[in-house]
Each structure stands twice: as C-alpha cells, then as structure tokens.
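Have a look at data19.csv below; it lists CSV, N, CA and C atoms and all ligand atoms.
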chain,number,residue,atom,x,y,z
K,251,MET,N,17.9,161.7,-71.1
K,251,MET,CA,17.9,163.1,-71.3
K,251,MET,C,16.7,163.4,-72.2
K,252,THR,N,15.9,164.5,-71.8
K,252,THR,CA,14.7,164.8,-72.6
K,252,THR,C,15.2,165.7,-73.8
K,253,LEU,N,14.3,165.8,-74.8
K,253,LEU,CA,14.6,166.5,-76.0
K,253,LEU,C,14.9,168.0,-75.6
K,254,GLU,N,14.1,168.5,-74.7
K,254,GLU,CA,14.3,169.9,-74.2
K,254,GLU,C,15.7,170.1,-73.6
K,255,GLN,N,16.2,169.1,-72.8
K,255,GLN,CA,17.5,169.2,-72.2
K,255,GLN,C,18.6,169.1,-73.3
K,256,LYS,N,18.4,168.3,-74.3
K,256,LYS,CA,19.3,168.1,-75.4
K,256,LYS,C,19.4,169.4,-76.2
K,257,THR,N,18.2,170.1,-76.4
K,257,THR,CA,18.2,171.3,-77.2
K,257,THR,C,19.0,172.4,-76.4
K,258,LYS,N,18.7,172.5,-75.1
K,258,LYS,CA,19.4,173.5,-74.3
K,258,LYS,C,20.9,173.3,-74.3
K,259,LEU,N,21.3,172.0,-74.2
K,259,LEU,CA,22.7,171.7,-74.1
K,259,LEU,C,23.4,172.0,-75.5
K,260,GLU,N,22.7,171.7,-76.6
K,260,GLU,CA,23.3,172.0,-77.9
K,260,GLU,C,23.4,173.5,-78.1
K,261,LYS,N,22.4,174.3,-77.6
K,261,LYS,CA,22.5,175.8,-77.7
K,261,LYS,C,23.7,176.3,-77.0
K,262,ARG,N,23.9,175.8,-75.8
K,262,ARG,CA,25.0,176.3,-75.0
K,262,ARG,C,26.4,175.9,-75.6
K,263,ILE,N,26.4,174.7,-76.1
K,263,ILE,CA,27.7,174.2,-76.8
K,263,ILE,C,28.0,175.1,-78.0
K,264,ARG,N,27.0,175.3,-78.8
K,264,ARG,CA,27.2,176.1,-80.0
K,264,ARG,C,27.6,177.6,-79.7
K,265,LYS,N,27.0,178.1,-78.6
K,265,LYS,CA,27.3,179.5,-78.2
K,265,LYS,C,28.8,179.5,-77.8
K,266,ASP,N,29.2,178.5,-77.1
K,266,ASP,CA,30.6,178.5,-76.6
K,266,ASP,C,31.6,178.3,-77.7
K,267,LEU,N,31.2,177.4,-78.7
K,267,LEU,CA,32.1,177.2,-79.9
K,267,LEU,C,32.2,178.4,-80.7
K,268,GLU,N,31.1,179.2,-80.7
K,268,GLU,CA,31.2,180.5,-81.5
K,268,GLU,C,32.1,181.4,-80.8
K,269,LYS,N,32.1,181.5,-79.5
K,269,LYS,CA,33.0,182.4,-78.7
K,269,LYS,C,34.5,181.9,-79.0
K,270,LEU,N,34.7,180.7,-79.2
K,270,LEU,CA,36.0,180.1,-79.4
K,270,LEU,C,36.5,180.3,-80.9
K,271,GLY,N,35.5,180.7,-81.7
K,271,GLY,CA,35.8,180.8,-83.1
K,271,GLY,C,36.0,179.5,-83.9
K,272,LEU,N,35.3,178.5,-83.4
K,272,LEU,CA,35.4,177.2,-84.1
K,272,LEU,C,34.2,177.1,-85.1
K,273,PRO,N,34.3,176.3,-86.1
K,273,PRO,CA,33.2,176.2,-87.1
K,273,PRO,C,31.9,175.6,-86.5
K,274,LEU,N,30.8,176.0,-87.0
K,274,LEU,CA,29.5,175.5,-86.4
K,274,LEU,C,28.7,174.7,-87.5
K,275,ASP,N,29.4,174.5,-88.6
K,275,ASP,CA,28.6,173.8,-89.7
K,275,ASP,C,28.8,172.3,-89.6
K,276,PHE,N,28.3,171.8,-88.5
K,276,PHE,CA,28.2,170.3,-88.3
K,276,PHE,C,26.9,170.0,-87.6
K,277,LYS,N,26.5,168.7,-87.6
K,277,LYS,CA,25.3,168.3,-86.9
K,277,LYS,C,25.8,167.7,-85.6
K,278,LEU,N,25.1,168.0,-84.5
K,278,LEU,CA,25.5,167.4,-83.2
K,278,LEU,C,24.4,166.3,-82.8
K,279,ASP,N,24.9,165.2,-82.5
K,279,ASP,CA,24.1,164.1,-82.1
K,279,ASP,C,24.4,163.7,-80.7
K,280,VAL,N,23.5,164.1,-79.8
K,280,VAL,CA,23.8,163.8,-78.3
K,280,VAL,C,23.2,162.5,-78.0
K,281,ARG,N,24.1,161.6,-77.5
K,281,ARG,CA,23.7,160.2,-77.2
K,281,ARG,C,24.0,160.0,-75.7
K,282,GLY,N,23.6,158.8,-75.3
K,282,GLY,CA,23.8,158.4,-73.9
K,282,GLY,C,25.2,157.9,-73.5
K,283,TYR,N,25.3,156.7,-73.1
K,283,TYR,CA,26.6,156.2,-72.7
K,283,TYR,C,27.3,155.3,-73.7
K,284,SER,N,28.6,155.4,-73.8
K,284,SER,CA,29.3,154.5,-74.6
K,284,SER,C,30.5,154.0,-73.8
K,285,LYS,N,30.8,152.7,-73.8
K,285,LYS,CA,31.9,152.2,-73.0
K,285,LYS,C,33.2,152.4,-73.8
K,286,THR,N,33.1,152.7,-75.1
K,286,THR,CA,34.3,152.8,-76.0
K,286,THR,C,34.7,154.3,-76.3
K,287,TYR,N,33.7,155.1,-76.5
K,287,TYR,CA,34.0,156.5,-76.9
K,287,TYR,C,33.4,157.6,-76.0
K,288,ASN,N,34.1,158.7,-76.1
K,288,ASN,CA,33.6,159.9,-75.5
K,288,ASN,C,32.8,160.7,-76.5
K,289,GLY,N,33.4,160.7,-77.7
K,289,GLY,CA,32.7,161.4,-78.9
K,289,GLY,C,33.2,160.8,-80.1
K,290,ARG,N,32.6,161.1,-81.2
K,290,ARG,CA,33.0,160.6,-82.6
K,290,ARG,C,32.8,161.7,-83.6
K,291,TYR,N,33.5,161.7,-84.6
K,291,TYR,CA,33.3,162.6,-85.8
K,291,TYR,C,33.1,161.8,-87.0
K,292,ASN,N,32.1,162.0,-87.8
K,292,ASN,CA,31.9,161.3,-89.0
K,292,ASN,C,32.0,162.3,-90.2
K,293,PRO,N,33.1,162.3,-90.9
K,293,PRO,CA,33.2,163.3,-92.0
K,293,PRO,C,32.3,163.1,-93.2
K,294,ASN,N,31.6,161.9,-93.3
K,294,ASN,CA,30.7,161.7,-94.4
K,294,ASN,C,29.4,162.4,-94.3
K,295,ASN,N,29.0,162.7,-93.0
K,295,ASN,CA,27.8,163.5,-92.9
K,295,ASN,C,28.0,164.6,-91.9
K,296,ASP,N,29.2,165.0,-91.7
K,296,ASP,CA,29.5,166.2,-90.8
K,296,ASP,C,28.8,166.1,-89.5
K,297,THR,N,28.9,165.0,-88.9
K,297,THR,CA,28.2,164.8,-87.6
K,297,THR,C,29.2,164.5,-86.5
K,298,VAL,N,29.0,165.3,-85.4
K,298,VAL,CA,29.7,165.0,-84.1
K,298,VAL,C,28.8,164.3,-83.2
K,299,VAL,N,29.2,163.1,-82.7
K,299,VAL,CA,28.4,162.4,-81.8
K,299,VAL,C,29.0,162.6,-80.4
K,300,LEU,N,28.1,163.0,-79.5
K,300,LEU,CA,28.6,163.2,-78.1
K,300,LEU,C,27.9,162.2,-77.1
K,301,TYR,N,28.8,161.5,-76.5
K,301,TYR,CA,28.3,160.5,-75.5
K,301,TYR,C,28.2,161.2,-74.1
K,302,SER,N,27.0,161.6,-73.7
K,302,SER,CA,26.8,162.5,-72.7
K,302,SER,C,26.7,161.9,-71.3
K,303,LEU,N,26.5,160.6,-71.2
K,303,LEU,CA,26.3,160.1,-69.8
K,303,LEU,C,27.4,159.2,-69.4
K,304,ARG,N,27.6,159.1,-68.0
K,304,ARG,CA,28.5,158.2,-67.4
K,304,ARG,C,27.9,156.8,-67.4
K,305,LYS,N,28.7,155.9,-67.1
K,305,LYS,CA,28.2,154.5,-67.0
K,305,LYS,C,27.0,154.3,-66.1
K,306,ASN,N,27.0,155.1,-65.0
K,306,ASN,CA,25.9,155.1,-64.0
K,306,ASN,C,24.7,155.8,-64.4
K,307,GLY,N,24.7,156.4,-65.7
K,307,GLY,CA,23.5,157.1,-66.2
K,307,GLY,C,23.5,158.6,-65.9
K,308,GLU,N,24.5,159.1,-65.1
K,308,GLU,CA,24.5,160.5,-64.8
K,308,GLU,C,25.0,161.3,-65.9
K,309,LEU,N,24.6,162.5,-66.1
K,309,LEU,CA,25.1,163.4,-67.1
K,309,LEU,C,26.5,163.9,-66.7
K,310,ARG,N,27.4,163.9,-67.7
K,310,ARG,CA,28.8,164.3,-67.4
K,310,ARG,C,28.7,165.9,-67.1
K,311,GLU,N,29.8,166.3,-66.5
K,311,GLU,CA,29.9,167.8,-66.2
K,311,GLU,C,29.9,168.5,-67.6
K,312,TYR,N,29.3,169.7,-67.6
K,312,TYR,CA,29.3,170.5,-68.9
K,312,TYR,C,30.8,170.7,-69.4
K,313,ASP,N,31.7,171.0,-68.5
K,313,ASP,CA,33.1,171.2,-68.9
K,313,ASP,C,33.6,170.0,-69.7
K,314,VAL,N,33.3,168.8,-69.2
K,314,VAL,CA,33.8,167.6,-69.9
K,314,VAL,C,33.1,167.5,-71.2
K,315,LEU,N,31.8,167.7,-71.3
K,315,LEU,CA,31.1,167.6,-72.6
K,315,LEU,C,31.7,168.6,-73.6
K,316,LEU,N,32.0,169.8,-73.1
K,316,LEU,CA,32.5,170.8,-74.1
K,316,LEU,C,33.9,170.4,-74.5
K,317,LYS,N,34.7,169.9,-73.6
K,317,LYS,CA,36.0,169.4,-74.0
K,317,LYS,C,36.0,168.3,-75.1
K,318,ILE,N,35.0,167.4,-74.9
K,318,ILE,CA,34.9,166.3,-75.9
K,318,ILE,C,34.5,166.9,-77.3
K,319,VAL,N,33.5,167.9,-77.2
K,319,VAL,CA,33.0,168.4,-78.5
K,319,VAL,C,34.1,169.2,-79.2
K,320,ILE,N,34.9,170.0,-78.4
K,320,ILE,CA,36.0,170.7,-79.0
K,320,ILE,C,37.0,169.8,-79.7
K,321,HIS,N,37.3,168.6,-79.1
K,321,HIS,CA,38.1,167.6,-79.7
K,321,HIS,C,37.5,167.2,-81.1
K,322,GLU,N,36.3,166.8,-81.1
K,322,GLU,CA,35.6,166.3,-82.3
K,322,GLU,C,35.5,167.4,-83.4
K,323,VAL,N,35.2,168.6,-82.9
K,323,VAL,CA,35.0,169.7,-83.9
K,323,VAL,C,36.4,170.1,-84.5
K,324,ILE,N,37.5,169.8,-83.8
K,324,ILE,CA,38.8,170.1,-84.4
K,324,ILE,C,39.0,169.0,-85.5
K,325,HIS,N,38.5,167.8,-85.4
K,325,HIS,CA,38.5,166.8,-86.5
K,325,HIS,C,37.8,167.4,-87.7
K,326,HIS,N,36.6,167.9,-87.4
K,326,HIS,CA,35.7,168.5,-88.4
K,326,HIS,C,36.5,169.6,-89.1
K,327,TYR,N,37.0,170.5,-88.3
K,327,TYR,CA,37.8,171.6,-88.8
K,327,TYR,C,38.9,171.2,-89.8
K,328,GLN,N,39.6,170.2,-89.3
K,328,GLN,CA,40.8,169.7,-90.2
K,328,GLN,C,40.3,169.1,-91.5
K,329,TRP,N,39.2,168.3,-91.4
K,329,TRP,CA,38.7,167.7,-92.6
K,329,TRP,C,38.1,168.7,-93.6
K,330,LYS,N,37.3,169.6,-93.1
K,330,LYS,CA,36.5,170.4,-93.9
K,330,LYS,C,36.9,171.9,-94.1
K,331,HIS,N,37.8,172.3,-93.3
K,331,HIS,CA,38.2,173.7,-93.4
K,331,HIS,C,39.7,174.0,-93.6
K,332,THR,N,40.4,172.9,-93.8
K,332,THR,CA,41.8,173.0,-94.2
K,332,THR,C,42.1,172.1,-95.3
K,333,ASP,N,43.3,172.1,-95.9
K,333,ASP,CA,43.6,171.2,-97.0
K,333,ASP,C,44.2,169.9,-96.4
K,334,TYR,N,43.6,169.4,-95.3
K,334,TYR,CA,44.0,168.2,-94.6
K,334,TYR,C,43.9,167.0,-95.5
K,335,LYS,N,45.0,166.3,-95.5
K,335,LYS,CA,45.0,164.9,-96.1
K,335,LYS,C,45.2,163.9,-95.0
K,336,ARG,N,44.3,163.0,-94.9
K,336,ARG,CA,44.4,162.1,-93.8
K,336,ARG,C,45.4,161.0,-94.2
K,337,VAL,N,46.3,160.8,-93.2
K,337,VAL,CA,47.3,159.7,-93.4
K,337,VAL,C,46.7,158.5,-92.6
K,338,LYS,N,46.6,157.4,-93.3
K,338,LYS,CA,46.0,156.2,-92.7
K,338,LYS,C,46.7,155.8,-91.4
K,339,GLY,N,45.9,155.6,-90.4
K,339,GLY,CA,46.4,155.2,-89.1
K,339,GLY,C,46.8,156.3,-88.2
K,340,ILE,N,46.8,157.6,-88.8
K,340,ILE,CA,47.1,158.7,-87.9
K,340,ILE,C,45.9,159.6,-87.8
K,341,MET,N,45.3,159.6,-86.6
K,341,MET,CA,44.1,160.4,-86.4
K,341,MET,C,44.4,161.8,-85.8
K,342,HIS,N,45.5,161.8,-85.0
K,342,HIS,CA,45.8,163.0,-84.3
K,342,HIS,C,47.3,163.4,-84.7
K,343,ASN,N,47.4,164.2,-85.8
K,343,ASN,CA,48.7,164.6,-86.2
K,343,ASN,C,49.2,165.8,-85.3
K,344,GLU,N,50.4,166.3,-85.5
K,344,GLU,CA,51.0,167.4,-84.7
K,344,GLU,C,50.1,168.6,-84.8
K,345,GLU,N,49.5,168.9,-86.0
K,345,GLU,CA,48.7,170.1,-86.1
K,345,GLU,C,47.4,169.9,-85.3
K,346,PHE,N,46.9,168.7,-85.3
K,346,PHE,CA,45.7,168.4,-84.4
K,346,PHE,C,46.0,168.7,-83.0
K,347,LYS,N,47.1,168.2,-82.5
K,347,LYS,CA,47.5,168.4,-81.1
K,347,LYS,C,47.7,169.9,-80.8
K,348,ARG,N,48.3,170.6,-81.7
K,348,ARG,CA,48.5,172.0,-81.5
K,348,ARG,C,47.2,172.8,-81.4
K,349,LEU,N,46.2,172.4,-82.3
K,349,LEU,CA,44.9,173.1,-82.4
K,349,LEU,C,44.2,172.8,-81.1
K,350,GLU,N,44.2,171.5,-80.7
K,350,GLU,CA,43.4,171.1,-79.5
K,350,GLU,C,44.0,171.9,-78.2
K,351,GLN,N,45.3,171.9,-78.1
K,351,GLN,CA,45.9,172.7,-77.0
K,351,GLN,C,45.4,174.1,-77.0
K,352,TYR,N,45.5,174.7,-78.2
K,352,TYR,CA,45.2,176.1,-78.4
K,352,TYR,C,43.7,176.4,-78.0
K,353,TYR,N,42.8,175.6,-78.5
K,353,TYR,CA,41.4,175.8,-78.2
K,353,TYR,C,41.0,175.5,-76.7
K,354,LEU,N,41.7,174.5,-76.2
K,354,LEU,CA,41.4,174.2,-74.7
K,354,LEU,C,41.9,175.3,-73.9
K,355,ASP,N,43.1,175.9,-74.2
K,355,ASP,CA,43.6,177.0,-73.5
K,355,ASP,C,42.7,178.2,-73.5
K,356,LYS,N,42.2,178.4,-74.8
K,356,LYS,CA,41.3,179.6,-75.0
K,356,LYS,C,40.0,179.4,-74.2
K,357,ALA,N,39.5,178.1,-74.2
K,357,ALA,CA,38.3,177.8,-73.4
K,357,ALA,C,38.5,178.1,-72.0
K,358,GLU,N,39.7,177.8,-71.5
K,358,GLU,CA,40.0,178.0,-70.1
K,358,GLU,C,40.1,179.5,-69.8
K,359,GLU,N,40.7,180.2,-70.7
K,359,GLU,CA,40.9,181.6,-70.5
K,359,GLU,C,39.5,182.3,-70.5
K,360,LEU,N,38.6,181.9,-71.3
K,360,LEU,CA,37.2,182.5,-71.4
K,360,LEU,C,36.3,182.0,-70.2
K,361,GLY,N,36.9,181.1,-69.4
K,361,GLY,CA,36.1,180.6,-68.3
K,361,GLY,C,35.0,179.5,-68.7
K,362,LEU,N,35.2,178.9,-69.9
K,362,LEU,CA,34.2,178.0,-70.4
K,362,LEU,C,34.5,176.6,-69.8
K,363,ILE,N,35.8,176.3,-69.6
K,363,ILE,CA,36.2,175.0,-69.0
K,363,ILE,C,37.0,175.3,-67.8
K,364,ASP,N,36.6,174.7,-66.7
K,364,ASP,CA,37.4,174.8,-65.4
K,364,ASP,C,38.7,174.0,-65.5
K,365,PRO,N,39.8,174.6,-65.1
K,365,PRO,CA,41.1,173.9,-65.2
K,365,PRO,C,41.1,172.5,-64.6
K,366,ILE,N,40.2,172.3,-63.6
K,366,ILE,CA,40.2,170.9,-63.0
K,366,ILE,C,39.8,169.8,-63.9
K,367,PHE,N,39.2,170.2,-65.1
K,367,PHE,CA,38.7,169.2,-66.0
K,367,PHE,C,39.7,169.0,-67.2
K,368,ARG,N,40.9,169.7,-67.1
K,368,ARG,CA,41.9,169.5,-68.0
K,368,ARG,C,42.8,168.4,-67.5
K,369,ARG,N,43.2,167.6,-68.4
K,369,ARG,CA,44.1,166.5,-68.0
K,369,ARG,C,45.6,166.9,-68.2
Z,1,ZN,ZN,40.1,162.3,-82.0

Structure translated into structure tokens:
Amino acid sequence: MTLEQKTKLEKRIRKDLEKLGLPLDFKLDVRGYSKTYNGRYNPNNDTVVLYSLRKNGELREYDVLLKIVIHEVIHHYQWKHTDYKRVKGIMHNEEFKRLEQYYLDKAEELGLIDPIFRR
C-alpha cells in the first residue's frame, strides 16, 4: 500500500469513527498481513495497529477494516476514557462486548458497515 493510500484510508476511518462518536485520540498504524492478528491496541503509546492485507496480499474490504478498528478503538476507549481496571487474563469483559455490539449496530445503521460483514 502506498503512503497516499494509507493516508486516504486513515482519513476515511477517522471520519467514520467521528460519526460513531468514538474517540480519535490514538495513533493509527496501518500494516500489511499478520497471520496472528487482525488488529492490536497498545495502551502504552495509544496506538491501534491495523493489519490491512489478506494472506494473498489483497487489501481487505473497507467494512472489515472498519470493524477491526472499531474493536481496537473500544479497547482504547476502555483504557483511556473510563475508569477501566484491567483484570489479568480478561481482554474482553461484558462491558467491552456490550460496547462493541452497540458500535457495530450503529455503524450498520449509518451504512458504514454492510451487514454481510457482521459475524
Ligand atoms: Zn480485543
């Protein structure tokens, strides 16, 4: 992916997160393929890493990328915008699941994610 494509993608993602009312005070690091992860959140440097390519090198659908980013930004939201206390071994507590459901529903309602990309 070229720098220009990355910049365009990041702009679109940030615009959509803004529509959803999610926080934007994080750094986005768009990377290629990972066989282990779709995305990562690092609370030490407020960075969301997005693995944007499929194994065959193709860019994933925008809907899928946005869904991944929403998931990671909810981690950021919990860490930095609530009085979240991390319990060792539990990444996705009930509140996380509730928030993810809420924001994915909202993204679908706003037409940002096509229902076919929801699992
Ligand atoms: Zn997660």

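With only C-alpha atoms as the atoms that count, the residue of K:Trp329, K:Phe276, K:Phe367, K:Phe346 with the shortest distance to Thr297 of chain K is K:Phe276.
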
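The interatomic distance for the pair atom CA of Lys347 of chain K and atom C of Ser284 of chain K works out to 23.4 Å.
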
Expected answer as JSON, numbers by chain: residues within 12 Å of ligand ZN 1 (chain Z), only C-alpha atoms and all ligand atoms: {"K": [287, 288, 289, 290, 291, 292, 298, 299, 317, 318, 319, 320, 321, 322, 323, 324, 325, 326, 327, 328, 329, 339, 340, 341, 342, 343, 346, 347, 349, 350]}

Quick one: residues within 6 Å of Arg281 of chain K, only C-alpha atoms, excluding same-chain residues fewer than 4 positions away - as number ranges by chain? K: 300-302

Excluding segment 308-314 of chain K and residues on its chain fewer than 5 positions from it, collect all residues at most 12 Å away from it, counting only C-alpha atoms, and give them as a tab-separated table (two decimals) with N, CA and C atoms, in the coordinates of the input.
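The resulting out-v9.tsv:
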chain	number	residue	atom	x	y	z
K	251	MET	N	17.90	161.70	-71.10
K	251	MET	CA	17.90	163.10	-71.30
K	251	MET	C	16.70	163.40	-72.20
K	252	THR	N	15.90	164.50	-71.80
K	252	THR	CA	14.70	164.80	-72.60
K	252	THR	C	15.20	165.70	-73.80
K	255	GLN	N	16.20	169.10	-72.80
K	255	GLN	CA	17.50	169.20	-72.20
K	255	GLN	C	18.60	169.10	-73.30
K	256	LYS	N	18.40	168.30	-74.30
K	256	LYS	CA	19.30	168.10	-75.40
K	256	LYS	C	19.40	169.40	-76.20
K	258	LYS	N	18.70	172.50	-75.10
K	258	LYS	CA	19.40	173.50	-74.30
K	258	LYS	C	20.90	173.30	-74.30
K	259	LEU	N	21.30	172.00	-74.20
K	259	LEU	CA	22.70	171.70	-74.10
K	259	LEU	C	23.40	172.00	-75.50
K	260	GLU	N	22.70	171.70	-76.60
K	260	GLU	CA	23.30	172.00	-77.90
K	260	GLU	C	23.40	173.50	-78.10
K	262	ARG	N	23.90	175.80	-75.80
K	262	ARG	CA	25.00	176.30	-75.00
K	262	ARG	C	26.40	175.90	-75.60
K	263	ILE	N	26.40	174.70	-76.10
K	263	ILE	CA	27.70	174.20	-76.80
K	263	ILE	C	28.00	175.10	-78.00
K	266	ASP	N	29.20	178.50	-77.10
K	266	ASP	CA	30.60	178.50	-76.60
K	266	ASP	C	31.60	178.30	-77.70
K	280	VAL	N	23.50	164.10	-79.80
K	280	VAL	CA	23.80	163.80	-78.30
K	280	VAL	C	23.20	162.50	-78.00
K	281	ARG	N	24.10	161.60	-77.50
K	281	ARG	CA	23.70	160.20	-77.20
K	281	ARG	C	24.00	160.00	-75.70
K	282	GLY	N	23.60	158.80	-75.30
K	282	GLY	CA	23.80	158.40	-73.90
K	282	GLY	C	25.20	157.90	-73.50
K	283	TYR	N	25.30	156.70	-73.10
K	283	TYR	CA	26.60	156.20	-72.70
K	283	TYR	C	27.30	155.30	-73.70
K	288	ASN	N	34.10	158.70	-76.10
K	288	ASN	CA	33.60	159.90	-75.50
K	288	ASN	C	32.80	160.70	-76.50
K	289	GLY	N	33.40	160.70	-77.70
K	289	GLY	CA	32.70	161.40	-78.90
K	289	GLY	C	33.20	160.80	-80.10
K	300	LEU	N	28.10	163.00	-79.50
K	300	LEU	CA	28.60	163.20	-78.10
K	300	LEU	C	27.90	162.20	-77.10
K	301	TYR	N	28.80	161.50	-76.50
K	301	TYR	CA	28.30	160.50	-75.50
K	301	TYR	C	28.20	161.20	-74.10
K	302	SER	N	27.00	161.60	-73.70
K	302	SER	CA	26.80	162.50	-72.70
K	302	SER	C	26.70	161.90	-71.30
K	303	LEU	N	26.50	160.60	-71.20
K	303	LEU	CA	26.30	160.10	-69.80
K	303	LEU	C	27.40	159.20	-69.40
K	319	VAL	N	33.50	167.90	-77.20
K	319	VAL	CA	33.00	168.40	-78.50
K	319	VAL	C	34.10	169.20	-79.20
K	320	ILE	N	34.90	170.00	-78.40
K	320	ILE	CA	36.00	170.70	-79.00
K	320	ILE	C	37.00	169.80	-79.70
K	321	HIS	N	37.30	168.60	-79.10
K	321	HIS	CA	38.10	167.60	-79.70
K	321	HIS	C	37.50	167.20	-81.10
K	354	LEU	N	41.70	174.50	-76.20
K	354	LEU	CA	41.40	174.20	-74.70
K	354	LEU	C	41.90	175.30	-73.90
K	357	ALA	N	39.50	178.10	-74.20
K	357	ALA	CA	38.30	177.80	-73.40
K	357	ALA	C	38.50	178.10	-72.00
K	358	GLU	N	39.70	177.80	-71.50
K	358	GLU	CA	40.00	178.00	-70.10
K	358	GLU	C	40.10	179.50	-69.80
K	361	GLY	N	36.90	181.10	-69.40
K	361	GLY	CA	36.10	180.60	-68.30
K	361	GLY	C	35.00	179.50	-68.70
K	362	LEU	N	35.20	178.90	-69.90
K	362	LEU	CA	34.20	178.00	-70.40
K	362	LEU	C	34.50	176.60	-69.80
K	363	ILE	N	35.80	176.30	-69.60
K	363	ILE	CA	36.20	175.00	-69.00
K	363	ILE	C	37.00	175.30	-67.80
K	364	ASP	N	36.60	174.70	-66.70
K	364	ASP	CA	37.40	174.80	-65.40
K	364	ASP	C	38.70	174.00	-65.50
K	365	PRO	N	39.80	174.60	-65.10
K	365	PRO	CA	41.10	173.90	-65.20
K	365	PRO	C	41.10	172.50	-64.60
K	366	ILE	N	40.20	172.30	-63.60
K	366	ILE	CA	40.20	170.90	-63.00
K	366	ILE	C	39.80	169.80	-63.90
K	367	PHE	N	39.20	170.20	-65.10
K	367	PHE	CA	38.70	169.20	-66.00
K	367	PHE	C	39.70	169.00	-67.20
K	368	ARG	N	40.90	169.70	-67.10
K	368	ARG	CA	41.90	169.50	-68.00
K	368	ARG	C	42.80	168.40	-67.50
K	369	ARG	N	43.20	167.60	-68.40
K	369	ARG	CA	44.10	166.50	-68.00
K	369	ARG	C	45.60	166.90	-68.20

Could you pull out all residues of chain K with a DSSP call of strand (DSSP E) and give them as a count of residues only? 14
